[in-house]
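Beneath this line is the structure, given in structure tokens, with notes to follow.
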Amino acid sequence: MDMHPRALEQSNSQFGGPIPNESELTAGVRIEPGKSYGFFTDTTLCIGCKACEVACKEWNNLPADNLGLTGQSYDNTGALSANTWRHVNFIEKAGVRENDLAPFQSGWLMMSDVCKHCHNAPCLEACPTGALFKTEFDTVVVQQDICNGCGYCVPACPFGVVDLSDLDGKAHKCTLCYDRLKGGLEPACAKSCPTDSIQFGEIGELQQRARERVGELHRLGAEEAYLYGTPGAPGATGDLGHLNAFFLLTDRPETYNLPAAPTRASNRVVPSLFSGLAAVAGLALAAAAMFARR
Amino acid sequence: MYQGPTYYGRAQLKPSPFNNWVVGGYVFLAGLSGGAALISAIADAVRPIGAAGAVRRGRYLAMLAPLVGPLLLIEDLRTPSRFYNMLRVAKGTSPMSIGTWILMAFSAFAGLGAAAQFASDRLGWLWPRRAARATQVPAAVAGAGLATYTAGLFAATSTPLWAAAPQSLAVRFGASSVAAAGAALSLAERSARTRRALDAITVAALATELAATEASHRSYRRAGVDGALDGAWGQVEKIGATGLGAALPLGLLVASLALGRRAGRLSQAASLATLAGSALLRMSIMGAGDDSARRPEISLRFSQPDNLPRV
């Protein structure tokens with residue numbers, strides 16, 4: 001990646017304070033309120049180092065979930081939770097022999113999962129207190145001083161991301177480093193990613209970059225590469241809109257524990273309420289007839 | 001059934017963190033209270049003198065949700081001291097928010113109605129009776145909402161079993177609520193004629209519930225999530241809620257209505273079974289729904305493109 005000209009201004013190894021608009025130097029994007037930001041996670045570049053998991057836990061002060069071994073490849077984290085906002089999946093594809101593969105390919109898939117920051121986020125729409133909200137950076141965040149721990153956002157999420165914490169009784173999930181964005185810093189996971197598998201940026205630009213990457217992979221012979229969560233692609237189905245954190249995958253979504261066609265839960269409110277009320281109204285008429293009988 | 005890959009059989013979704021006994025208990029009481037307000041308002045409108053006892057008991061029974069409901073709901077919050085944050089917004093996309101305001105409105109109207117009933121019972125004044133009559137219509141409307149919004153609350157999630165049949169689930173909950181209220185009022189009814197009317201209402205409601213149950217199970221099969229009912233909660237739903245809690249009392253009530261005056265015991269047994277079935281319906285749907293969210297082969301099957309709503 002080319003060095004940003006502003007990087008030359010920073011010649012000291014110690015800084016007196018934060019660098020203004022540091023994300024310009026680290027991610028090549030200036031963070032401005034009113035624009036949409038997100039992650040493009042290119043799983044073909046992921047090496048499973050879990051630097052994103054560690055950086056997330058460090059910046060956000062999150063405790064560990066599991067100190068044991070799961071026996072499921074190198075995945076000892078298990079799943080996204082109230083305390084784990086980045087989770088690296090490891091999929092060892094059985095029956096794939098190295099000698100049968102094209103150069104630089106392997107039967108080992110890795111993917112850093114995260115909150116998708118859906119355009120029409122079901123967790124946000126379900127929240128009865130308004131604790132979940134859309135920020136000025138088009139990301140979805142839980143306001144910890146509002147959440148009362150009702151837990152309705154947990155089953156609302158079609159990706160199984162949001163979780164209640166037993167420690168403080170509030171819902172937690174990735175904030176896309178809301179505090180860092182406010183300070184002009186790239187989110188911790190993206191900044192720490194050594195292979196740029198996690199790329200942070202403005203959503204339109206990221207989608208363009210992702211489409212070009214898919215084209216490049218197809219040219220190189222990896223024809224199975226596709227995007228998950230961009231407009232019209234799997235993941236961005238059922239009126240969810242696009243996902244602000246989207247992925248480049250090389251196997252079907254379920255392999256990565258992702259739903260092929262998630263839906264927007266709030267679209268079921270009106271049909272459900274209308275049918276229920278119609279049935280009760282019908283029974284009310286029947287009841288009136290029963291009481292009117294001699 | 002889903003045959004594709006899963007991620008080490010790990011859950012793809014998170015089940016609801018609700019305590020199913022506490023929240024299921026609330027959903028049952030909300031339905032019972034809403035149904036009671038509805039039936040008592042109709043009885044008062046159609047047969048004001050003959051059914052005065054049922055009207056009075058219905059107004060008191062409707063106080064279950066306002067008195068016990070908030071305690072159950074606050075008990076289930078992980079941060080109960082912040083329960084009042086439910087009242088800082090009103091959101092059409094969130095059935096939990098809609099339900100909060102329905103419960104508030106219902107509590108106000110049902111509370112006024114019960115208070116006026118109490119005043120007229122104890123003091124013999126006439127004006128509270130008119131006040132009770134004025135509040136019973138909005139209480140009945142809010143009661144219809146209270147009896148059904150809980151189904152919308154479950155349907156508007158990503159939990160496969162709840163999301164697979166949004167419409168028939170709401171019909172089941174609404175009909176089960178009316179049946180439970182009819183059964184409860186019938187248990188306490190002394191006039192044989194009013195009891196027959198209440199039992200006939202319960203018959204209609206149970207028949208509606210059973211038809212909606214069949215429609216639900218059809219939707220589950222079509223969406224491929226019927227496997228969620230193979231577990232223990234599924235057996236409770238099939239045998240407890242549907243068999244012993246709806247089909248059996250339906251049969252008993254039809255027999256009791258056919259036999260006429262001599263069949264009081266039959267009607268009582270049917271009423272108790274209906275009430276238990278109505279409670280079991282809510283608990284089993286919640287439990288089986290959580291099962292469906294925990295099992296990736298069900299959630300990944302549900303989120304296949306063939307289950308997308310047709311545009």
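Residues in the structure tokens are named by chain (A, B, ... in the order shown) and by number from 1 within that chain; ligands are numbered from 1 in the order shown.
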
Neighbour list for Cys174 (chain A) as a list of chain:residue names, cut-off 6 Å, only C-alpha atoms, skip fewer than 2 positions in-chain:
A:Trp85, A:Cys115, A:Leu176

Same residues, N, CA, C and O atoms, output as a PDB file, in the first residue's frame:
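As a result, part_10.pdb now contains:
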```pdb
ATOM      1  N   TRP A  85     -16.435  -9.304  20.129  1.00  0.00           N
ATOM      2  CA  TRP A  85     -17.081  -8.578  19.032  1.00  0.00           C
ATOM      3  C   TRP A  85     -16.413  -8.855  17.685  1.00  0.00           C
ATOM      4  O   TRP A  85     -16.902  -8.422  16.637  1.00  0.00           O
ATOM      5  N   CYS A 115     -20.261  -7.895  13.822  1.00  0.00           N
ATOM      6  CA  CYS A 115     -21.603  -7.341  13.613  1.00  0.00           C
ATOM      7  C   CYS A 115     -21.673  -6.746  12.219  1.00  0.00           C
ATOM      8  O   CYS A 115     -20.757  -6.077  11.772  1.00  0.00           O
ATOM      9  N   LEU A 176     -18.421  -0.690  15.982  1.00  0.00           N
ATOM     10  CA  LEU A 176     -17.553  -0.215  14.912  1.00  0.00           C
ATOM     11  C   LEU A 176     -16.645   0.894  15.470  1.00  0.00           C
ATOM     12  O   LEU A 176     -16.374   1.883  14.829  1.00  0.00           O
TER      13      LEU A 176
END
```

What's the 9 Å shell around region 234-247 of chain B, counting only C-alpha atoms, without same-chain residues fewer than 2 positions away, as a PyMOL selection string?
chain B and resi 176+206-207+209-210+213+227-232+249-252+270+272-285+287-288

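Excluding region 181-196 of chain B itself and any same-chain residue fewer than 5 positions from it, the protein and nucleic acid residues within 6 Å of it, counting only C-alpha atoms, are Leu32, Gly35, Ala36, Thr202, Gln268 and Ser271 of chain B.
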
Run DSSP on the backbone and tell me which residues of region 17-136 of chain B come out as helix (DSSP H, G or I); list them as a PyMOL selection string.
chain B and resi 20-46+52-61+64-76+80-87+95-123+127-136

Residue nearest chain A among B:Arg221, B:Arg78, B:Arg172, B:Arg310 (counting only C-alpha atoms):
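Comparing B:Arg221, B:Arg78, B:Arg172, B:Arg310 against chain A, the winner is B:Arg78.
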
Mind checking which residues fall within 9 Å of Ala131 (chain A), counting only C-alpha atoms, ignoring those fewer than 6 positions away in the same chain, and posting them as a PyMOL selection string?
(chain A and resi 124+141-148) or (chain B and resi 85)

Find the distance between CA of Gly289 (chain B) and CA of Leu103 (chain B) and write it in Å to one decimal.
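Pair CA of Gly289 (chain B) / CA of Leu103 (chain B) returns 24.0 Å.
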
Counting only C-alpha atoms, figure out which residue out of B:Leu123, B:Leu153, B:Val171, B:Ala131 gets nearest to chain A.
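Residue with the minimum atom-to-atom distance to chain A: B:Val171.
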
Hey, what does DSSP flag as strand (DSSP E or B) within region 104-273 of chain A? Can you give it to me as a compact mmCIF listing (two decimals) with C-alpha atoms, in the first residue's frame?
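Produced file states_10.txt, reproduced below:
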```
# COMPACT_ATOMS: atom_id res chain seq x y z
CA TRP A 108 -8.45 -24.11 5.21
CA LEU A 109 -10.85 -21.21 5.33
CA MET A 110 -10.56 -18.41 7.87
CA MET A 111 -12.94 -15.55 8.31
CA SER A 112 -13.13 -12.77 10.88
CA ASP A 113 -16.82 -12.40 11.76
CA VAL A 114 -18.31 -9.22 13.20
CA CYS A 118 -27.27 -3.79 8.71
CA LEU A 132 -29.93 0.94 19.89
CA PHE A 133 -29.46 3.75 17.39
CA LYS A 134 -27.90 4.69 14.05
CA VAL A 140 -25.52 0.59 14.78
CA VAL A 141 -24.60 1.11 18.45
CA VAL A 142 -26.16 0.24 21.85
CA ASP A 163 -25.90 -10.77 23.30
CA LEU A 164 -26.74 -9.83 26.89
CA ALA A 171 -26.87 -5.78 25.50
CA HIS A 172 -23.46 -5.56 23.86
CA ILE A 198 -10.25 -6.34 7.35
CA GLN A 199 -10.51 -3.06 5.50
CA PHE A 200 -12.20 0.00 6.95
CA GLY A 201 -13.56 2.75 4.78
CA GLU A 202 -16.42 4.67 3.26
CA TYR A 226 -18.25 -13.75 -4.29
CA LEU A 227 -19.47 -10.93 -2.07
CA TYR A 228 -21.84 -11.38 0.88
CA LEU A 243 -24.69 -4.74 5.25
CA ALA A 245 -19.83 -4.89 7.30
CA PHE A 246 -19.68 -7.19 4.29
CA PHE A 247 -17.51 -10.12 3.28
CA LEU A 248 -15.74 -11.76 0.38
CA LEU A 249 -16.34 -15.51 0.68
```

Pick from A:Gln207, A:Thr129, A:Thr250, A:Ser23 nearest to chain B, counting only C-alpha atoms:
A:Thr129

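Relative to CA of Pro158 (chain A), CA of Glu297 (chain B) is found at 14.6 Å.
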
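From CA of Arg59 (chain B) back to CA of Pro128 (chain B), the distance works out to 13.1 Å.
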
Can you tell me which residues surround Val269 (chain A) at a distance of at most 9 Å, considering only C-alpha atoms, apart from same-chain residues fewer than 4 positions away, and format the answer as a ChimeraX atom specification?
/A:265,273-274 /B:92-95,149,152-153,155-156,166

Please save N, CA, C and O atoms of the selected residues as an mmCIF file, in the first residue's frame.
```
data_model
loop_
_atom_site.group_PDB
_atom_site.id
_atom_site.type_symbol
_atom_site.label_atom_id
_atom_site.label_comp_id
_atom_site.auth_asym_id
_atom_site.auth_seq_id
_atom_site.Cartn_x
_atom_site.Cartn_y
_atom_site.Cartn_z
ATOM 1 N N ALA A 265 -36.944 -8.645 10.325
ATOM 2 C CA ALA A 265 -37.964 -9.163 11.235
ATOM 3 C C ALA A 265 -39.178 -8.240 11.336
ATOM 4 O O ALA A 265 -40.312 -8.709 11.440
ATOM 5 N N LEU A 273 -50.034 -8.726 13.573
ATOM 6 C CA LEU A 273 -51.017 -7.996 14.383
ATOM 7 C C LEU A 273 -52.366 -7.955 13.684
ATOM 8 O O LEU A 273 -53.422 -8.137 14.304
ATOM 9 N N PHE A 274 -52.358 -7.746 12.362
ATOM 10 C CA PHE A 274 -53.615 -7.627 11.628
ATOM 11 C C PHE A 274 -54.407 -8.936 11.690
ATOM 12 O O PHE A 274 -55.608 -8.925 11.966
ATOM 13 N N GLY B 92 -43.160 1.874 16.160
ATOM 14 C CA GLY B 92 -44.023 0.969 15.406
ATOM 15 C C GLY B 92 -43.320 -0.288 14.919
ATOM 16 O O GLY B 92 -43.967 -1.279 14.625
ATOM 17 N N THR B 93 -41.985 -0.254 14.818
ATOM 18 C CA THR B 93 -41.278 -1.442 14.338
ATOM 19 C C THR B 93 -41.014 -2.435 15.458
ATOM 20 O O THR B 93 -40.577 -3.543 15.200
ATOM 21 N N SER B 94 -41.265 -2.036 16.716
ATOM 22 C CA SER B 94 -40.963 -2.903 17.852
ATOM 23 C C SER B 94 -42.236 -3.319 18.573
ATOM 24 O O SER B 94 -42.822 -2.523 19.307
ATOM 25 N N PRO B 95 -42.676 -4.572 18.389
ATOM 26 C CA PRO B 95 -43.889 -4.998 19.100
ATOM 27 C C PRO B 95 -43.747 -4.902 20.613
ATOM 28 O O PRO B 95 -44.748 -4.781 21.313
ATOM 29 N N TYR B 149 -50.800 -8.935 20.612
ATOM 30 C CA TYR B 149 -49.515 -8.322 20.244
ATOM 31 C C TYR B 149 -48.345 -9.218 20.599
ATOM 32 O O TYR B 149 -47.276 -9.149 19.974
ATOM 33 N N GLY B 152 -47.178 -11.111 17.721
ATOM 34 C CA GLY B 152 -46.395 -10.250 16.846
ATOM 35 C C GLY B 152 -44.989 -10.051 17.390
ATOM 36 O O GLY B 152 -44.016 -9.970 16.638
ATOM 37 N N LEU B 153 -44.897 -9.992 18.723
ATOM 38 C CA LEU B 153 -43.592 -9.823 19.373
ATOM 39 C C LEU B 153 -42.681 -11.010 19.044
ATOM 40 O O LEU B 153 -41.506 -10.840 18.720
ATOM 41 N N ALA B 155 -43.168 -13.158 16.479
ATOM 42 C CA ALA B 155 -43.023 -13.295 15.015
ATOM 43 C C ALA B 155 -41.980 -12.329 14.464
ATOM 44 O O ALA B 155 -41.278 -12.662 13.518
ATOM 45 N N ALA B 156 -41.869 -11.144 15.070
ATOM 46 C CA ALA B 156 -40.937 -10.136 14.557
ATOM 47 C C ALA B 156 -39.539 -10.340 15.141
ATOM 48 O O ALA B 156 -38.905 -9.404 15.619
ATOM 49 N N PRO B 166 -46.144 -16.041 11.151
ATOM 50 C CA PRO B 166 -46.544 -14.837 11.892
ATOM 51 C C PRO B 166 -48.064 -14.695 12.019
ATOM 52 O O PRO B 166 -48.566 -14.290 13.079
#
```
